[in-house]
>>> print(open('final_10.txt').read())   # compact mmCIF, C-alpha atoms and all ligand atoms
# COMPACT_ATOMS: atom_id res chain seq x y z
CA MET B 1 83.09 79.22 -45.42
CA ARG B 2 86.68 78.63 -44.38
CA LYS B 3 85.42 76.45 -41.53
CA ASN B 4 83.45 74.27 -43.98
CA TRP B 5 86.48 73.75 -46.21
CA THR B 6 88.58 72.81 -43.18
CA MET B 7 85.93 70.35 -42.08
CA LEU B 8 85.77 68.86 -45.59
CA LEU B 9 89.54 68.44 -45.64
CA VAL B 10 89.53 66.75 -42.25
CA LEU B 11 86.75 64.38 -43.34
CA THR B 12 88.56 63.56 -46.61
CA VAL B 13 91.81 62.76 -44.82
CA LEU B 14 89.99 60.72 -42.18
CA GLY B 15 88.08 58.81 -44.88
CA THR B 16 91.26 58.03 -46.82
CA VAL B 17 92.97 56.76 -43.67
CA LEU B 18 90.00 54.56 -42.78
CA ILE B 19 89.70 53.14 -46.31
CA SER B 20 93.41 52.34 -46.57
CA PHE B 21 93.40 50.81 -43.08
CA HIS B 22 90.45 48.61 -44.04
CA SER B 23 91.97 47.36 -47.31
CA PHE B 24 95.27 46.74 -45.51
CA ALA B 25 93.50 44.64 -42.89
CA ALA B 26 91.44 42.57 -45.32
CA VAL B 27 92.32 39.10 -46.56
CA ASP B 28 91.12 38.45 -50.11
CA SER B 29 88.55 35.66 -49.76
CA ALA B 30 89.14 34.68 -53.41
CA THR B 31 92.53 33.27 -52.36
CA ALA B 32 90.95 30.93 -49.77
CA VAL B 33 90.99 27.44 -51.29
CA GLY B 34 89.58 25.56 -48.30
CA VAL B 35 88.10 26.80 -45.01
CA TRP B 36 87.08 24.24 -42.39
CA LEU B 37 85.45 25.85 -39.33
CA PHE B 38 83.73 22.60 -38.10
CA ASP B 39 80.81 24.66 -36.72
CA ASP B 40 78.18 22.69 -38.67
CA GLY B 41 79.32 19.46 -37.00
CA ASP B 42 81.15 18.22 -40.07
CA VAL B 43 84.16 18.93 -42.33
CA SER B 44 82.28 21.12 -44.80
CA ASP B 45 84.30 23.74 -46.68
CA ALA B 46 83.10 27.33 -46.17
CA SER B 47 85.33 28.75 -48.95
CA GLY B 48 82.84 28.12 -51.74
CA ASN B 49 85.23 25.76 -53.55
CA GLY B 50 83.42 22.60 -52.50
CA ASN B 51 86.41 21.02 -50.78
CA ASP B 52 84.25 19.22 -48.23
CA GLY B 53 86.11 16.67 -46.14
CA GLU B 54 85.16 13.28 -44.72
CA LEU B 55 85.67 12.05 -41.15
CA MET B 56 87.76 8.85 -41.19
CA ASN B 57 88.11 5.95 -38.69
CA GLY B 58 85.88 7.47 -36.00
CA ALA B 59 87.19 11.04 -36.07
CA GLU B 60 84.54 13.37 -34.63
CA VAL B 61 83.53 17.02 -34.63
CA VAL B 62 82.90 18.09 -31.02
CA ASN B 63 82.07 21.10 -28.86
CA GLY B 64 84.88 22.90 -27.04
CA GLY B 65 86.69 24.27 -30.09
CA LYS B 66 88.72 27.46 -30.12
CA TRP B 67 85.56 28.99 -31.59
CA GLY B 68 82.47 26.81 -31.74
CA MET B 69 83.07 23.19 -32.71
CA ALA B 70 86.37 21.50 -33.55
CA LEU B 71 87.87 18.37 -35.13
CA SER B 72 88.73 15.74 -32.48
CA LEU B 73 91.53 13.22 -33.12
CA ASP B 74 92.23 10.06 -31.08
CA GLY B 75 95.99 9.68 -31.73
CA ASP B 76 95.33 6.19 -33.09
CA ASP B 77 93.80 6.25 -36.58
CA ASP B 78 91.50 9.32 -36.83
CA TYR B 79 91.88 11.95 -39.54
CA ALA B 80 89.79 13.91 -42.03
CA ASN B 81 90.23 13.40 -45.77
CA VAL B 82 89.68 16.11 -48.39
CA ALA B 83 89.63 14.72 -51.92
CA ASN B 84 91.90 16.30 -54.52
CA SER B 85 90.56 19.18 -56.62
CA ALA B 86 91.76 21.80 -59.09
CA SER B 87 91.52 24.49 -56.39
CA LEU B 88 93.75 22.47 -54.01
CA ASP B 89 96.22 22.02 -56.89
CA SER B 90 96.41 25.84 -57.23
CA THR B 91 98.59 25.99 -54.08
CA ALA B 92 101.69 24.56 -55.81
CA GLU B 93 103.70 27.79 -56.02
CA ALA B 94 102.35 30.01 -53.26
CA TYR B 95 100.71 28.73 -50.12
CA THR B 96 99.39 29.47 -46.66
CA GLY B 97 98.06 26.88 -44.23
CA VAL B 98 96.58 27.98 -40.89
CA ALA B 99 95.12 26.02 -37.96
CA TRP B 100 94.34 26.25 -34.28
CA VAL B 101 95.64 23.15 -32.45
CA LYS B 102 95.21 21.88 -28.87
CA LEU B 103 97.50 18.85 -28.70
CA GLN B 104 98.26 16.48 -25.86
CA ARG B 105 101.66 15.06 -25.11
CA LYS B 106 101.61 11.50 -26.43
CA GLY B 107 104.17 10.00 -24.09
CA ASP B 108 107.82 9.98 -23.08
CA PRO B 109 110.56 10.38 -25.66
CA TYR B 110 111.90 7.20 -27.23
CA SER B 111 113.97 6.46 -30.25
CA GLY B 112 112.20 6.11 -33.58
CA CYS B 113 111.07 8.89 -35.88
CA CYS B 114 108.34 9.79 -37.00
CA ALA B 115 105.13 7.76 -37.17
CA ASP B 116 103.91 9.14 -33.82
CA ASP B 117 103.99 12.80 -34.93
CA HIS B 118 100.78 14.90 -34.91
CA MET B 119 99.96 15.79 -38.54
CA VAL B 120 97.99 19.05 -38.87
CA ILE B 121 97.70 19.65 -42.65
CA ALA B 122 99.27 17.31 -45.20
CA PHE B 123 99.21 17.01 -48.94
CA THR B 124 100.48 13.43 -48.97
CA THR B 125 101.22 10.41 -48.90
CA SER B 126 104.53 11.49 -50.46
CA TRP B 127 104.96 14.42 -48.01
CA ASN B 128 104.29 17.00 -50.73
CA ASN B 129 103.41 19.75 -48.24
CA ILE B 130 103.16 19.32 -44.48
CA LEU B 131 102.44 21.23 -41.28
CA ASN B 132 103.37 18.71 -38.59
CA VAL B 133 104.05 18.61 -34.83
CA PHE B 134 106.78 16.28 -33.60
CA GLY B 135 105.80 13.29 -31.42
CA PRO B 136 107.76 11.29 -28.80
CA GLY B 137 109.93 9.62 -31.46
CA ARG B 138 111.69 12.95 -32.00
CA ASN B 139 113.18 12.77 -28.48
CA THR B 140 114.05 16.26 -27.19
CA ASN B 141 112.36 17.89 -30.20
CA GLN B 142 108.93 16.53 -29.18
CA GLY B 143 106.24 19.22 -29.53
CA LYS B 144 108.16 21.40 -32.02
CA VAL B 145 106.48 22.31 -35.32
CA GLU B 146 107.77 21.17 -38.72
CA VAL B 147 106.92 22.56 -42.17
CA GLY B 148 108.15 21.69 -45.65
CA SER B 149 107.95 19.36 -48.60
CA GLN B 150 109.76 16.54 -50.31
CA GLU B 151 110.06 18.78 -53.40
CA LEU B 152 111.43 22.00 -51.87
CA ASN B 153 115.09 22.85 -51.44
CA PRO B 154 115.85 22.69 -48.55
CA ARG B 155 113.03 20.27 -47.77
CA TRP B 156 112.24 20.56 -44.05
CA LEU B 157 112.34 23.11 -41.28
CA PHE B 158 111.34 23.13 -37.61
CA GLY B 159 111.40 25.89 -35.01
CA PRO B 160 112.20 26.10 -31.28
CA THR B 161 108.71 26.47 -29.77
CA THR B 162 106.76 23.46 -28.45
CA VAL B 163 102.96 23.30 -28.73
CA ASN B 164 102.00 19.89 -27.22
CA ASP B 165 100.90 21.38 -23.87
CA ASP B 166 97.12 20.82 -24.17
CA GLN B 167 96.63 24.58 -24.74
CA TRP B 168 95.34 26.26 -27.91
CA HIS B 169 98.07 27.51 -30.27
CA HIS B 170 97.69 29.15 -33.68
CA LEU B 171 99.96 27.70 -36.39
CA ALA B 172 100.64 29.11 -39.87
CA PHE B 173 102.96 28.00 -42.66
CA THR B 174 103.55 30.34 -45.59
CA TYR B 175 105.64 29.82 -48.74
CA ASP B 176 106.09 32.28 -51.62
CA GLY B 177 108.64 30.50 -53.82
CA ALA B 178 111.54 32.17 -51.99
CA LYS B 179 111.03 31.60 -48.27
CA LYS B 180 109.30 29.24 -45.85
CA ILE B 181 107.92 30.94 -42.75
CA LEU B 182 106.46 29.20 -39.68
CA TYR B 183 104.32 31.36 -37.37
CA ILE B 184 103.25 30.24 -33.90
CA ASP B 185 100.62 32.35 -32.10
CA GLY B 186 101.12 35.11 -34.69
CA GLU B 187 104.89 35.44 -34.29
CA VAL B 188 107.64 34.09 -36.59
CA ASP B 189 109.01 30.92 -35.02
CA ILE B 190 111.55 30.31 -37.81
CA ASP B 191 112.06 31.04 -41.52
CA GLN B 192 114.38 29.81 -44.26
CA ASP B 193 115.32 30.80 -47.81
CA THR B 194 113.88 28.06 -50.02
CA THR B 195 113.24 27.34 -53.72
CA GLY B 196 110.99 24.97 -55.65
CA ALA B 197 107.29 24.23 -55.96
CA PHE B 198 105.01 21.76 -54.18
CA GLY B 199 104.15 18.69 -56.28
CA VAL B 200 100.51 18.62 -55.18
CA THR B 201 98.69 17.81 -58.43
CA GLY B 202 96.22 14.97 -57.92
CA VAL B 203 97.00 14.71 -54.19
CA ASP B 204 94.39 14.47 -51.40
CA VAL B 205 94.67 16.69 -48.33
CA HIS B 206 94.64 15.10 -44.87
CA LEU B 207 93.75 17.00 -41.69
CA GLY B 208 94.79 15.76 -38.22
CA GLY B 209 96.58 12.64 -39.43
CA THR B 210 97.20 10.54 -42.54
CA PRO B 211 95.87 7.15 -43.70
CA THR B 212 98.93 5.34 -42.35
CA GLU B 213 100.67 7.33 -39.57
CA ARG B 214 101.18 10.62 -37.70
CA ILE B 215 97.71 10.70 -36.09
CA ALA B 216 97.23 13.77 -33.90
CA LEU B 217 95.97 13.49 -30.31
CA GLY B 218 93.76 16.45 -29.43
CA LEU B 219 91.63 19.11 -31.13
CA MET B 220 91.99 21.26 -34.24
CA ASP B 221 89.86 24.23 -35.33
CA GLU B 222 89.64 26.89 -38.07
CA ILE B 223 91.85 25.13 -40.60
CA GLY B 224 92.43 27.13 -43.79
CA ILE B 225 94.40 26.79 -47.02
CA PHE B 226 95.19 29.74 -49.33
CA ASN B 227 96.92 29.86 -52.72
CA VAL B 228 98.91 32.95 -51.73
CA SER B 229 101.56 33.59 -49.11
CA LEU B 230 99.80 35.78 -46.52
CA GLU B 231 101.59 38.53 -44.60
CA GLN B 232 102.14 38.45 -40.84
CA THR B 233 99.40 41.05 -40.29
CA ASP B 234 96.95 38.77 -42.16
CA ILE B 235 97.97 35.81 -40.01
CA GLN B 236 97.47 37.90 -36.86
CA ASN B 237 94.06 39.15 -38.03
CA ILE B 238 92.96 35.56 -38.72
CA MET B 239 94.21 34.52 -35.29
CA ASN B 240 92.59 37.41 -33.41
CA ASP B 241 89.29 37.83 -35.27
CA GLY B 242 88.64 34.30 -36.53
CA LEU B 243 89.08 32.85 -40.01
CA GLY B 244 85.38 33.06 -40.86
CA SER B 245 84.93 36.70 -39.92
CA VAL B 246 88.20 37.87 -41.56
CA LEU B 247 87.03 36.26 -44.80
CA GLY B 248 83.53 37.73 -44.42
CA LEU B 249 82.01 34.24 -44.21
CA THR B 250 80.61 34.60 -40.69
CA PRO B 251 79.66 37.67 -38.63
CA VAL B 252 82.19 38.81 -36.05
CA THR B 253 81.15 36.87 -32.96
CA PRO B 254 80.92 38.46 -29.50
CA GLN B 255 83.57 35.93 -28.49
CA GLY B 256 85.81 37.11 -31.34
CA ARG B 257 85.39 40.75 -30.35
CA LEU B 258 86.16 39.92 -26.74
CA THR B 259 89.31 38.03 -27.73
CA THR B 260 90.50 40.96 -29.83
CA THR B 261 89.73 43.42 -27.05
CA TRP B 262 91.67 41.38 -24.54
CA ALA B 263 94.59 41.02 -26.96
CA ASN B 264 94.63 44.79 -27.42
CA ILE B 265 94.50 45.41 -23.69
CA LYS B 266 97.30 42.94 -23.05
CA THR B 267 99.62 44.57 -25.57
CA GLN B 268 99.08 48.07 -24.14
CA CA B 301 89.50 6.01 -34.38
CA CA B 302 85.05 26.02 -34.96
>>> encode(input="final_10.txt", output="structure tokens", more="lines below")
Ligand SMILES: [Ca+2]
Ligand SMILES: [Ca+2]
Amino acid sequence: MRKNWTMLLVLTVLGTVLISFHSFAAVDSATAVGVWLFDDGDVSDASGNGNDGELMNGAEVVNGGKWGMALSLDGDDDYANVANSASLDSTAEAYTGVAWVKLQRKGDPYSGCCADDHMVIAFTTSWNNILNVFGPGRNTNQGKVEVGSQELNPRWLFGPTTVNDDQWHHLAFTYDGAKKILYIDGEVDIDQDTTGAFGVTGVDVHLGGTPTERIALGLMDEIGIFNVSLEQTDIQNIMNDGLGSVLGLTPVTPQGRLTTTWANIKTQ
């Protein structure tokens, strides 16, 4: 009898630990405003909010993504446009934007900011909320990642790490009304105390460029927008397991499992 009670206790404790671990690891899919995996060959939104995008000026969805297919940008005039919606407007006060990017170096540094930057995610054209990679016009800052908004105080922030090396990097920008945080490959690249709200009402979202400038050269995959500021563990789960599987939208792929296994092995 005593043995059974002990076993019951052990199982209860184990169950509680597993349940709390699971809820800690989960990202609430209800906070995902737009999820663009590109795996259907287009810019369809997997979040359920209907924020489907449109390929502009010859932008393509191609094989060779981080996982499955990816958005391909020519550095000239390509981008994807997502029309404004009430769900996109819900990101004004708390926000997370995530994306995998594989960007090429556009050329040698020269004087003249900033039309040759690589835009990743932008609520614009008034720079209401941007996740942007510096181009040659930024001179020695070429390849560094910039986040911010015209309406925040302070407005802009960029970190030390460069990502224009034709390798895949995971970028995330979070804002909670008190702090901007830029993550690169799951680690904090830079953060800054900040106040204000994004003026995004009625604004389209552009992926990989804008209608007038800052056209990325390279690939982008697994772009997501949330109306909450996610924690670092959430960002790392999205990076390691894939945006679709973390949100329960797609099954965990063998490739995703392998990536996670390798990441675990490497950190041991
Ligand atoms: Ca084009
Ligand atoms: Ca993909």
>>> closest_atom_pairs(input="final_10.txt", of="stretch 119-176 of chain B", to="stretch 201-210 of chain B", cutoff="7 Å", atoms="all atoms listed in the file", output="JSON lines")
{"residue": "B:Met119", "atom": "CA", "partner": "B:Gly209", "partner_atom": "CA", "distance": 4.7}
{"residue": "B:Val120", "atom": "CA", "partner": "B:Gly208", "partner_atom": "CA", "distance": 4.6}
{"residue": "B:Ile121", "atom": "CA", "partner": "B:Leu207", "partner_atom": "CA", "distance": 4.9}
{"residue": "B:Ala122", "atom": "CA", "partner": "B:His206", "partner_atom": "CA", "distance": 5.1}
{"residue": "B:Phe123", "atom": "CA", "partner": "B:Val205", "partner_atom": "CA", "distance": 4.6}
{"residue": "B:Thr124", "atom": "CA", "partner": "B:Val203", "partner_atom": "CA", "distance": 6.4}
>>> residues_near_ligand(input="final_10.txt", ligand="ligand CA 301 (chain B)", cutoff="9 Å", atoms="all atoms listed in the file", output="PyMOL selection string")
chain B and resi 56-60+73-79
>>> residues_near_ligand(input="final_10.txt", ligand="ligand CA 302 (chain B)", cutoff="10 Å", atoms="only C-alpha atoms and all ligand atoms", output="PDB file with C-alpha atoms, in the coordinates of the input")
ATOM      1  CA  TRP B  36      87.080  24.240 -42.390  1.00  0.00           C
ATOM      2  CA  LEU B  37      85.450  25.850 -39.330  1.00  0.00           C
ATOM      3  CA  PHE B  38      83.730  22.600 -38.100  1.00  0.00           C
ATOM      4  CA  ASP B  39      80.810  24.660 -36.720  1.00  0.00           C
ATOM      5  CA  ASP B  40      78.180  22.690 -38.670  1.00  0.00           C
ATOM      6  CA  GLY B  41      79.320  19.460 -37.000  1.00  0.00           C
ATOM      7  CA  VAL B  61      83.530  17.020 -34.630  1.00  0.00           C
ATOM      8  CA  VAL B  62      82.900  18.090 -31.020  1.00  0.00           C
ATOM      9  CA  ASN B  63      82.070  21.100 -28.860  1.00  0.00           C
ATOM     10  CA  GLY B  64      84.880  22.900 -27.040  1.00  0.00           C
ATOM     11  CA  GLY B  65      86.690  24.270 -30.090  1.00  0.00           C
ATOM     12  CA  LYS B  66      88.720  27.460 -30.120  1.00  0.00           C
ATOM     13  CA  TRP B  67      85.560  28.990 -31.590  1.00  0.00           C
ATOM     14  CA  GLY B  68      82.470  26.810 -31.740  1.00  0.00           C
ATOM     15  CA  MET B  69      83.070  23.190 -32.710  1.00  0.00           C
ATOM     16  CA  ALA B  70      86.370  21.500 -33.550  1.00  0.00           C
ATOM     17  CA  LEU B  71      87.870  18.370 -35.130  1.00  0.00           C
ATOM     18  CA  TRP B 100      94.340  26.250 -34.280  1.00  0.00           C
ATOM     19  CA  MET B 220      91.990  21.260 -34.240  1.00  0.00           C
ATOM     20  CA  ASP B 221      89.860  24.230 -35.330  1.00  0.00           C
ATOM     21  CA  GLU B 222      89.640  26.890 -38.070  1.00  0.00           C
ATOM     22  CA  ILE B 223      91.850  25.130 -40.600  1.00  0.00           C
ATOM     23  CA  GLY B 242      88.640  34.300 -36.530  1.00  0.00           C
ATOM     24  CA  LEU B 243      89.080  32.850 -40.010  1.00  0.00           C
ATOM     25  CA  GLY B 244      85.380  33.060 -40.860  1.00  0.00           C
TER      26      GLY B 244
END
>>> atom_distance(input="final_10.txt", atom1="atom CA of B:Gly48", atom2="atom CA of B:Ala92")
19.6 Å
>>> atom_distance(input="final_10.txt", atom1="atom CA of B:Asn141", atom2="atom CA of B:Arg105")
12.2 Å
>>> closest_residue(input="final_10.txt", among="B:Thr140, B:Gln236, B:Asn129, B:Gln150", to="B:Tyr95", atoms="only C-alpha atoms")
B:Asn129
>>> atom_distance(input="final_10.txt", atom1="atom CA of B:Asp108", atom2="atom CA of B:Ala172")
26.4 Å
>>> residues_around(input="final_10.txt", residues="B:Val98", least_positions_apart="2", cutoff="7 Å", atoms="all atoms listed in the file", output="ChimeraX atom specification")
/B:96,171-173,223-225
>>> residues_near_point(input="final_10.txt", point="(116.1, 26.4, -51.6)", cutoff="6 Å", atoms="all atoms listed in the file", output="PyMOL selection string")
chain B and resi 153-154+193-195
>>> closest_residue(input="final_10.txt", among="B:Leu157, B:Leu217, B:Ile235, B:Val35", to="B:Gln192", atoms="all atoms listed in the file")
B:Leu157
>>> closest_residue(input="final_10.txt", among="B:Leu103, B:Val147, B:Ala86, B:Ala32", to="B:Gln167", atoms="all atoms listed in the file")
B:Leu103
>>> closest_residue(input="final_10.txt", among="B:Ser245, B:Ser87, B:Ser126, B:Lys179", to="B:Thr31", atoms="only C-alpha atoms")
B:Ser87
